[in-house]
Every structure is written in structure tokens, then in C-alpha cells.
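> First, the structure itself, so that you have it in front of you.
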Amino acid sequence: MKTTPVSTMGLINATRESRMNLQFKIAEAQKEANSGRYADVGLSIGYLTERTLSLRNEMDRLKTFKDTNSVAASRLELSQVQLNAMADAAGGFVQTLQAARASPSSSGVAVTDAKARLTSLTGALNTAVNGAYIFSGVNTDVKPMNDYAGSQTQTDVAATFAALGPPGDISAADMKAFLDGPFKALFLDDPNWANLSSASDGNITNRITNNERIATSTNANEEPFRLLAAAYAMIVDLPLDQLGEGAYLAVIDTAMGMAGQAEGGLTGIRASLGTSQERIKSANDRMDVQLGLLNEHIVAIEGVDPYEAQVKVNALLTQLETAYALTARLQNLSLLKYI
Amino acid sequence: MSLSASLSTANSSLFVTGERTSIVSRNIANADRPFYSKKSVSVVTVPGSGVKSSQVIRAEQPVLFRKVLTSSSAAATQGARLDALNFLNGTINDVELGGSPSALMNSFANALQTLSAQPHSKLAAEAAVRSARDLADGLNGASSIIQQVRNESETGIQASVNRVNSLLADFKTVNDTIVKGTIMGSDVTDYLDQRDEILANLSNEIGVRTVMRDNNDMAIYTDGGVTLFDRSPRSVEFQRTLNLTPGVPGNAVVIDGVQVTGANATMPLQSGRLVGLVEARDDISLTYQAQLDEMARVLITAFAESDQSGGGGPDRTGLFTWPGSPAVPPAGTLISGLAGTIKVNSTVDPDLGGDAVLLRDGGINGAAYTYNGGVGASFTDRIDELIDNMNATYAFDPAAKLAAGASITGFAGSSAAWLQEARKVADDAYSYQSTLLQRSYESFSNLTGVNLEEELALMLDLERSFQTSSKLVGVIDTMFTSLLQAIR
């Protein structure tokens with residue numbers, strides 16, 4: 001008769017090993033049921049770690065882009081608000097000048113108005129966010145605009161105007177030539193403008209996605225700002241009440257022309273900043289979609305089905321209970337009890 | 001006369017029963033010893049005068065035992081390998097935690113991106129430099145973990161070699177006793193069990209093959225074919241290095257004058273803990289170290305500064321430095337131990353009195369290397385160049401055993417994947433081999449081990465036989481008495 005032998009040692013070892021295995025598996029399954037991910041992700045997915053690491057890195061990067069984009073977006077938004085206010089001011093100034101054109105006697109109102117608007121233009125161009133001046137170009141740590149009052153430009157204006165002779169004798173044509181010539185050059189020629197502005201011509205550029213780099217600021221050296229400053233300064237500093245009618249009208253008309261041109265120019269700048277804003281917004285929208293997808297991919301690689309894990313825990317617990325019961329029964333099963 | 005013959009037969013039965021009982025008690029006493037094999041006595045009938053015990057027989061299963069030895073060696077190899085890999089996994093841990101070199105590199109890249117959005121901000125620059133320092137520290141830490149694994153493996157190899165030597169010495173004593181006992185015809189079965197146990201322990205350290213010879217003499221060879229024991233133990237030698245040099249394999253193990261580990265081994269060992277340890281020390285650790293070293297080298301290169309003055313000066317190390325600074329390490333060539341020595345330049349580190357803004361402007365190596373030629377606080381060209389450098393493709397040394405051309409973050413990811421894949425493979429192999437070991441030991445133990453119930457049953461049997469024989473002696477005695485009385 002052939003019997004299959006079994007040793008006491010083998011019997012004990014078998015139950016002990018199965019208990020140990022089960023306990024280890026339960027600990028693992030429990031962790032998986034709780035976290036929804038493999039208990040030891042690296043061990044379970046092996047070389048796929050590269051994929052999940054790169055997905056995670058990509059996700060972090062996109063989040064960083066979203067953060068940094070919000071910095072650029074807030075700068076752009078603030079620039080838009082200020083530019084809008086400047087354009088409105090230019091429009092309002094044109095209306096004031098129209099009134100002054102009709103009644104030269106009320107030119108004092110226009111002068112006061114121009115002074116206030118010039119100060120607020122300087123203030124607006126000196127707007128700073130978070131320690132950075134938004135109209136400085138890349139030179140963000142330097143205040144872009146000096147006050148016109150007391151500046152070298154003001155002195156130069158006075159000096160060039162004095163060269164024309166007594167204000168009352170200036171003809172309309174001479175005045176026009178002066179305003180479009182030497183006066184305008186004081187604001188539109190770069191070396192002269194540097195007396196008023198410390199901004200850099202280079203605009204701040206930002207990487208808004210992995211391979212998109214856009215300009216996200218404008219700077220105080222743009223022509224509309226110069227024209228606007230020139231128009232205000234013209235009314236502030238030229239002795240309007242001493243001029244003859246022709247010269248007076250020439251000043252008012254030139255100022256109106258410059259302010260109008262500046263207003264148009266500002267709209268152009270706003271449009272280009274708006275394009276940048278639009279690109280940031282669409283980049284952010286794209287990245288939101290990407291973030292969702294990336295997360296899905298990560299879960300697909302690292303995750304376990306929590307229900308399955310739970311079922312596994314239950315099954316293992318039952319199994320372990322059986323193993324315990326079996327051990328106890330084996331313990332009782334001895335010939336000694338029967339002899 | 002036949003009555004006295006009956007008496008002597010009953011006597012012989014009593015004697016044999018006693019002897020068998022002693023064997024049963026020996027079996028019961030040793031039931032829980034792993035390599036104890038069940039003993040029994042062969043009883044022969046002596047024609048005309050009862051029974052006598054001839055010799056003690058040992059339950060033997062040489063084929064299964066050999067299987068136990070080979071699977072225990074294989075499991076030990078995988079176990080040592082897996083231990084080292086799990087230890088190395090400390091450099092990565094859960095990918096979610098972000099402590100891996102790959103994740104640190106990425107968070108540094110993100111810090112650069114944040115800086116590029118707020119280039120005027122000194123705080124952002126300092127945050128980027130600190131992030132760079134975390135990365136350098138991470139590489140240093142990973143490198144020291146590798147060094148620790150290597151040094152521990154070295155200690156393990158030494159311990160394993162010592163154990164092999166002492167086991168071989170024990171083996172000689174037992175083997176000599178067996179040979180002598182066999183020649184003299186005494187019971188050597190317990191010594192045979194001892195010898196098996198020593199062999200089992202030995203196979204844990206080193207893969208062995210055995211050859212049986214006359215008089216139960218045994219010779220041992222390694223699985224590579226080198227003699228370990230032949231009448232006398234051969235010396236196993238190993239010169240331990242206290243602190244291993246990064247990038248350099250450790251000393252080899254020499255058995256009987258033959259090198260058995262390392263690249264130049266003529267008869268290399270195939271299995272056993274020793275093999276796993278040597279692999280952990282020289283193969284796994286060195287490859288992983290090479291990967292980290294290459295990461296460090298490329299980082300240093302990517303952040304190097306070039307001469308902006310037109311003076312044609314050589315490129316110099318920038319944000320990251322190494323002992324060879326300010327020279328930039330040569331391209332595509334592994335520099336062993338670099339990951340352990342990479343540092344953030346103290347000229348840039350705000351916590352060491354440096355100026356973090358140099359990261360934005362350049363000029364870590366003096367005015368000639370300044371990129372921001374007075375342009376302003378929101379100069380981003382240099383930062384963007386650095387970000388581009390991090391995404392660029394570099395050539396890596398083949399010693400890293402990864403793709404030769406990759407971006408630095410991609411390379412770091414592949415390195416993590418390499419380690420995890422190695423762990424997965426080792427873990428699978430280990431669980432396979434240890435299950436195999438369990439199964440083969442189980443069947444070996446089932447066939448050769450003691451079953452208590454069986455021994456108990458046998459004891460009952462012997463008890464009956466003893467009682468009956470005793471009764472027989474009593475009856476014969478009575479018969480003699482009545483006979484003698486009749487004669488009187």
C-alpha cells in the first residue's frame with residue numbers, strides 16, 4: 001500500500017507560512033483599499049515608473065505655469081485699467097480744449113485741467129505691483145516717469161519758447177512750426193524723452209506654456225505716452241493768455257491733434273496687450289484640460305480599484321480565519337488524546 | 001532444549017523492543033529539528049533464536065535534498081539583491097512624495113519658471129537657488145545611500161566568507177567522524193543529519209555541489225566548479241575595504257587560489273548570498289551611482305556660464321559647482337562620485353552670503369560672464385536660456401546603462417524607472433525562488449521528517465510486543481518451576 005507521508009514539521013510549517021503570507025497580503029490590500037493606489041507603487045509598476053514620474057512632473061509644471069501666468073495676467077489687467085483711464089483722460093482733455101477753443105477767455109480752465117491730467121498720467125505710468133513698475137519695460141525696479149514740473153524738459157520748453165520772441169508777436173504759422181518742430185522733438189526724440197522717462201524699451205516677456213513666449217507688458221517710451229505728455233505740457237507751460245488769436249488757436253489745435261492721436265495709439269497698445277491676455281487665457285484653459293487628462297493617466301497607472309481592494313481584504317480575512325481555525329484543529333488532533 | 005530456546009527468543013525480543021523504543025524516543029525528541037531525518041531499526045530474524053537488530057536506518061532523499069540546496073542558494077542570491085534594491089529605493093520612495101532626483105529636478109525647473117515670471121523678485125531668485133540646493137542635496141544624499149549600500153554589502157561579503165570558513169571547519173570535524181564511524185560500523189546517522197544541516201547552511205551562502213565517496217566521505221565543490229572541501233577545507237579569502245571608492249568595484253573573493261567573483265573570475269560562483277551581495281556592491285550600486293553622477297555632470301554643464309564680453313574666455317561652472325570648478329566637466333564622460341560632490345555655488349547661495357540675483361543676470365564668474373548688460377530687473381533671457389538648457393538633449397555615458405541621448409529630467413525619470421524595474425524583477429524572482437525553496441523543503445521534510453502520530457502508534461505497538469514478551473518470560477519461568485518441582 002502506498003501512503004503519502006507527512007512530517008509533523010511539514011504540517012506546522014505549512015500552516016505557519018500560509019498564515020504569514022495571508023497577514024502580509026492583508027496589510028497590503030488594506031493599504032490599497034485606503035489609498036486607492038498600489039501599496040508599493042514602484043514595485044508594482046516597474047519600468048512604468050518613468051511614465052508616471054514624467055506625468056507627475058508635467059502636472060507640476062503646468063501648475064507652475066498657471067501660477068506664473070496669473071502674475072503676468074494681473075500685470076496685463078492692471079495695465080489695461082490704467083491705459084483705459086489714460087485714454088479716457090485724453091478724450092476728456094480734447095473736450096476741454098474744444099471748450100477753450102470756443103472761448104479763449106476761459107483758457108485758465110484748460111490749463112488747470114492739463115496740469116491735473118499731466119500729474120495723473122505720470123502717476124498712472126508709475127503704477128507698481130508687487131514691487132515692480134508695470135510701465136518700466138524690463139527695467140521694473142526703476143520708477144519710469146519723473147515729474148514734469150521741475151524737470152529738464154520743462155526748462156528746455158521754456159528756453160526754446162523764449163527764442164521765439166515775445167508771445168504776443170508770434171504768428172500762427174510760426175507757432176505751428178515751433179510746436180511741430182522743436183517742441184515736439186523735446187518729447188519724441190529719445191535723448192530728450194530720457195529726461196522724463198527711465199523706462200526700458202524692452203518689454204517683459206513670459207513663457208506661458210512650454211514653448212510659448214509672449215510680451216506681457218508695455219513701457220512708458222511708447223509714442224502715445226509721449227504725445228499725451230507733450231499735449232498736456234503744451235497747455236500747461238505755454239502762456240496761452242498772452243498769445244495772439246492765431247497762435248492761440250494753433251496751440252489748441254495742435255494739442256487736440258496730439259491728444260487725439262495719443263488716444264488712438266493707446267487703443268492700439270491695449271489691443272496688443274489684449275492679445276497677450278487672450279493667449280494666456282487660452283493657454284490656461286488648455287492646461288486645465290491637460291491637467292485633468294494627466295491626472296487620469298496617473299490614476300490609470302498607479303491606482304487600484306478600491307472596490308476590488310476591499311473585496312480582496314474581505315476574502316483574505318475569511319481565509320486567515322480559516323487558517324487560524326485549521327491550526328487550532330490540528331493542535332487538538334493528536335493520538336495522545338485517545339490513549 | 002527448546003524451553004530455554006524459547007526463553008532466549010523472548011529475551012531477544014525484549015532486547016530489540018528496548019532498542020526500538022530508544023529510537024522512537026530519539027525521533028520524538030528531534031521532531032522539530034529542521035534537518036533531522038526519521039530513524040528506524042532494521043530487525044532481522046535469527047533462525048532458531050528469535051530476532052536481532054542489525055543497524056539504524058536513516059530516511060534519505062538525496063534528490064530532494066539537492067533540490068533544497070540549489071533553491072536555497074538561488075533564493076539567497078535574490079534575497080540579497082532585493083535587499084540592496086529596496087535600500088536604494090530610499091532615494092526614490094513613493095513617486096507621490098516627490099523626493100526622487102527626477103521630482104527634485106522638476107521642482108527646481110518650476111522654481112526657475114516662477115523666477116522667470118517675476119525676475120525682479122529677489123525672493124523668487126532665492127527660492128530658485130534654494131530649490132537648486134535641495135536638488136544638489138538630494139543627489140548628495142542619494143549618493144551617500146549608494147555608498148552605504150556598498151559598504152554594507154562589503155561587510156556582508158566579509159561575514160558570509162567568515163561563515164563559509166567556519167562551516168567548512170565544522171564540516172571537516174563531522175565528516176571525519178562519519179568516515180571513521182562508517183569504517184568501524186557504528187551508528188553515524190545523527191552525524192549524517194548534522195552534515196546535511198551544515199550543507200544547508202553552506203548553500204545559503206554559496207552554491208554547492210557534493211560528491212559522495214567510499215565510507216560516506218563527501219567532497220564539496222562550488223557551483224562554479226572550485227573545490228571547497230576535499231578531505232580538508234579549502235580557504236575562502238576576501239580582503240575587505242573599509243570605505244569603498246565610488247565607481248570602483250570592490251575586491252574579489254578567492255577560493256583555493258581561484259578568483260570566483262568579479263569580472264575576471266575564471267570559475268565564477270553562480271548562486272548563494274555571496275553572489276547577490278557582490279552584485280549589489282559592484283553591479284547594481286555602480287550602475288545607479290553612474291546614473292546619478294551623469295545627472296550631476298549634466299546639471300553642472302547646463303548651468304555653466306560662457307564668456308559674454310567677447311574676450312573668448314572658457315566656459316565656467318555657474319550655479320552648480322564640483323571639485324574641478326571653475327572648469328566645466330568634459331561632455332559625455334562619466335566622472336565617478338560627482339553626485340556626491342555637486343554643490344550650489346556659494347556666490348549664489350543667499351544662505352552663504354551669496355547673491356541669488358546672479359542666477360538671473362549671470363556673472364557668477366565675474367563681469368565678463370554677465371548676461372544682463374544693464375538691461376534691467378526684469379531681464380529674462382538668461383533664465384529662459386537655463387530653462388531651455390534643462391530641456392535640451394545631452395549625451396550620457398554608456399556606463400549609466402540608459403538611453404544615451406535624453407533631456408536631464410527625462411534621464412532622471414529613466415533612472416528611477418530602471419531602479420523600480422530592477423526591484424520588480426528581483427522581487428518576482430525572490431518570491432518564485434523562496435516559494436520553490438519552501439515547496440522542496442516541504443516535500444523533503446515530509447519524506448524524511450518525523451511524524452509524531454506515527455511514532456506514537458509505533459510506540460503502542462512496541463509496548464504490546466514488550467508486554468507479550470514479558471508475559472512469555474513469566475510463563476516459561478512458571479513452566480520451569482513446575483518442571484523443577486516435578487523433578488524434586
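Following the order of the C-alpha cells, first chain is A, next is B, and so on, with residues numbered from 1 inside each chain and ligands from 1 in the order they appear.
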Residues of chain A that have any atom at most 7 Å from an atom of chain B: could you tabulate them with the shortest-distance atom pair and the distance in Å to one decimal, using only C-alpha atoms, ordered by chain and increasing number, as JSON lines?

```
{"residue": "A:Pro5", "atom": "CA", "partner": "B:Asn446", "partner_atom": "CA", "distance": 5.9}
{"residue": "A:Val6", "atom": "CA", "partner": "B:Asn446", "partner_atom": "CA", "distance": 4.3}
{"residue": "A:Ser7", "atom": "CA", "partner": "B:Asn451", "partner_atom": "CA", "distance": 4.4}
{"residue": "A:Thr8", "atom": "CA", "partner": "B:Asn451", "partner_atom": "CA", "distance": 4.8}
{"residue": "A:Met9", "atom": "CA", "partner": "B:Asp32", "partner_atom": "CA", "distance": 5.9}
{"residue": "A:Gly10", "atom": "CA", "partner": "B:Glu442", "partner_atom": "CA", "distance": 5.5}
{"residue": "A:Val41", "atom": "CA", "partner": "B:Asp94", "partner_atom": "CA", "distance": 6.6}
{"residue": "A:Gly42", "atom": "CA", "partner": "B:Gln420", "partner_atom": "CA", "distance": 5.2}
{"residue": "A:Leu43", "atom": "CA", "partner": "B:Lys424", "partner_atom": "CA", "distance": 4.9}
{"residue": "A:Ser44", "atom": "CA", "partner": "B:Lys424", "partner_atom": "CA", "distance": 6.7}
{"residue": "A:Gly46", "atom": "CA", "partner": "B:Glu421", "partner_atom": "CA", "distance": 3.9}
{"residue": "A:Tyr47", "atom": "CA", "partner": "B:Ala417", "partner_atom": "CA", "distance": 4.5}
{"residue": "A:Leu48", "atom": "CA", "partner": "B:Ala417", "partner_atom": "CA", "distance": 6.5}
{"residue": "A:Thr49", "atom": "CA", "partner": "B:Ala417", "partner_atom": "CA", "distance": 4.8}
{"residue": "A:Glu50", "atom": "CA", "partner": "B:Ala417", "partner_atom": "CA", "distance": 4.7}
{"residue": "A:Leu53", "atom": "CA", "partner": "B:Gly413", "partner_atom": "CA", "distance": 6.2}
{"residue": "A:Ser54", "atom": "CA", "partner": "B:Gly413", "partner_atom": "CA", "distance": 6.6}
{"residue": "A:Asn57", "atom": "CA", "partner": "B:Asn106", "partner_atom": "CA", "distance": 6.0}
{"residue": "A:Arg61", "atom": "CA", "partner": "B:Asn110", "partner_atom": "CA", "distance": 5.9}
{"residue": "A:Thr64", "atom": "CA", "partner": "B:Asn110", "partner_atom": "CA", "distance": 6.0}
{"residue": "A:Thr68", "atom": "CA", "partner": "B:Ala117", "partner_atom": "CA", "distance": 5.5}
{"residue": "A:Val71", "atom": "CA", "partner": "B:Ala117", "partner_atom": "CA", "distance": 6.9}
{"residue": "A:Ala72", "atom": "CA", "partner": "B:Ala117", "partner_atom": "CA", "distance": 6.9}
{"residue": "A:Ala132", "atom": "CA", "partner": "B:His120", "partner_atom": "CA", "distance": 6.9}
{"residue": "A:Val138", "atom": "CA", "partner": "B:Ser378", "partner_atom": "CA", "distance": 4.3}
{"residue": "A:Asn139", "atom": "CA", "partner": "B:Gly376", "partner_atom": "CA", "distance": 4.0}
{"residue": "A:Thr140", "atom": "CA", "partner": "B:Ala377", "partner_atom": "CA", "distance": 5.4}
{"residue": "A:Asp141", "atom": "CA", "partner": "B:Ala377", "partner_atom": "CA", "distance": 5.7}
{"residue": "A:Ile204", "atom": "CA", "partner": "B:Ser378", "partner_atom": "CA", "distance": 6.4}
{"residue": "A:Asn206", "atom": "CA", "partner": "B:Ala117", "partner_atom": "CA", "distance": 6.0}
{"residue": "A:Ser334", "atom": "CA", "partner": "B:Glu453", "partner_atom": "CA", "distance": 6.8}
{"residue": "A:Leu335", "atom": "CA", "partner": "B:Glu453", "partner_atom": "CA", "distance": 5.9}
```
> Quick one: residues within 9 Å of Ser276 (chain A), only C-alpha atoms counted, chain neighbours fewer than 3 positions away excluded, as number ranges by chain?
A: 73, 76, 214-216, 271-273, 279-281
> Would you write out those residues with C-alpha atoms, as a compact mmCIF listing (two decimals), in the first residue's frame?

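part.txt was written with the following content:
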```
# COMPACT_ATOMS: atom_id res chain seq x y z
CA ALA A 73 -2.26 88.21 -16.26
CA LEU A 76 -1.73 92.90 -18.01
CA ILE A 214 4.91 86.38 -25.25
CA ALA A 215 5.39 90.02 -24.30
CA THR A 216 3.35 90.79 -21.21
CA ALA A 271 -5.32 95.74 -28.36
CA SER A 272 -1.85 94.19 -28.38
CA LEU A 273 -1.91 93.62 -24.60
CA ARG A 279 -3.25 83.90 -25.28
CA ILE A 280 -2.71 83.46 -21.56
CA LYS A 281 -6.36 82.67 -21.06
```
> Between CA of Ile157 (chain B) and CA of Arg240 (chain B), what is the spacing in Å?
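Separation between CA of Arg240 (chain B) and CA of Ile157 (chain B): 8.3 Å.
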> Where does DSSP see strand (DSSP E or B) in region 132-303 of chain A, if you list the residues as a list of chain:residue names?
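So the strand (DSSP E or B) residues in region 132-303 of chain A would be A:Ala132, A:Tyr133, A:Ser136, A:Met145, A:Ser197, A:Thr205, A:Asn206, A:Arg207, A:Ile208, A:Thr209, A:Glu212, A:Arg213, A:Ile214, A:Ala215, A:Asn219, A:Gly303.
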> For Val473 (chain B), list every protein, DNA or RNA residue within 12 Å, evaluated using only C-alpha atoms, and leave out those in the same chain fewer than 4 positions away; present the list as a PyMOL selection string.
chain B and resi 3-14+466-469+477-480
> Produce a file of the selected residues containing C-alpha atoms, as a tab-separated table (two decimals), in the first residue's frame.

```tsv
chain	number	residue	atom	x	y	z
B	3	LEU	CA	12.18	-24.26	26.57
B	4	SER	CA	15.43	-22.38	27.16
B	5	ALA	CA	15.48	-21.59	23.42
B	6	SER	CA	12.04	-20.00	23.84
B	7	LEU	CA	13.37	-18.03	26.77
B	8	SER	CA	16.27	-16.71	24.78
B	9	THR	CA	13.95	-15.82	21.87
B	10	ALA	CA	11.67	-13.91	24.25
B	11	ASN	CA	14.76	-12.24	25.65
B	12	SER	CA	15.96	-11.18	22.22
B	13	SER	CA	12.52	-9.72	21.57
B	14	LEU	CA	12.69	-7.73	24.81
B	466	PHE	CA	7.15	-5.87	25.18
B	467	GLN	CA	4.19	-6.87	27.37
B	468	THR	CA	3.68	-10.06	25.44
B	469	SER	CA	7.36	-10.97	25.56
B	477	ASP	CA	9.51	-19.30	34.26
B	478	THR	CA	6.35	-20.94	35.61
B	479	MET	CA	6.91	-23.90	33.33
B	480	PHE	CA	10.50	-24.26	34.55
```
> Using only C-alpha atoms, which residues sit within 9 Å of region 226-238 of chain A once same-chain residues fewer than 3 positions away are excluded, as a PyMOL selection string?
chain A and resi 86+90+93+107+110-115+117-118+121-122+148+154+157-158+161+167+179+183-184+186-188+193+220-223+241-243+251-252+254-263
> Please report the interatomic distance between CA of Leu164 (chain A) and CA of Leu240 (chain A) in Å with one decimal.
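Separation between CA of Leu164 (chain A) and CA of Leu240 (chain A): 14.4 Å.
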> For Ala132 (chain B), which residue out of B:Val149, B:Val68, B:Ile342, B:Ala76 is the nearest one, using only C-alpha atoms?
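Among the listed residues, B:Ile342 lies closest to Ala132 (chain B).
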> Given only C-alpha atoms as the basis, pick out the residue of B:Leu292, B:Ala159, B:Arg133, B:Val41 nearest to Ala356 (chain B).
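Result for the nearest residue to Ala356 (chain B): B:Arg133.
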> Give me, as a ChimeraX atom specification, the residues of region 108-199 of chain A that a backbone DSSP run labels helix (DSSP H, G or I).
/A:108-125,152-162,167-169,172-188,190-193
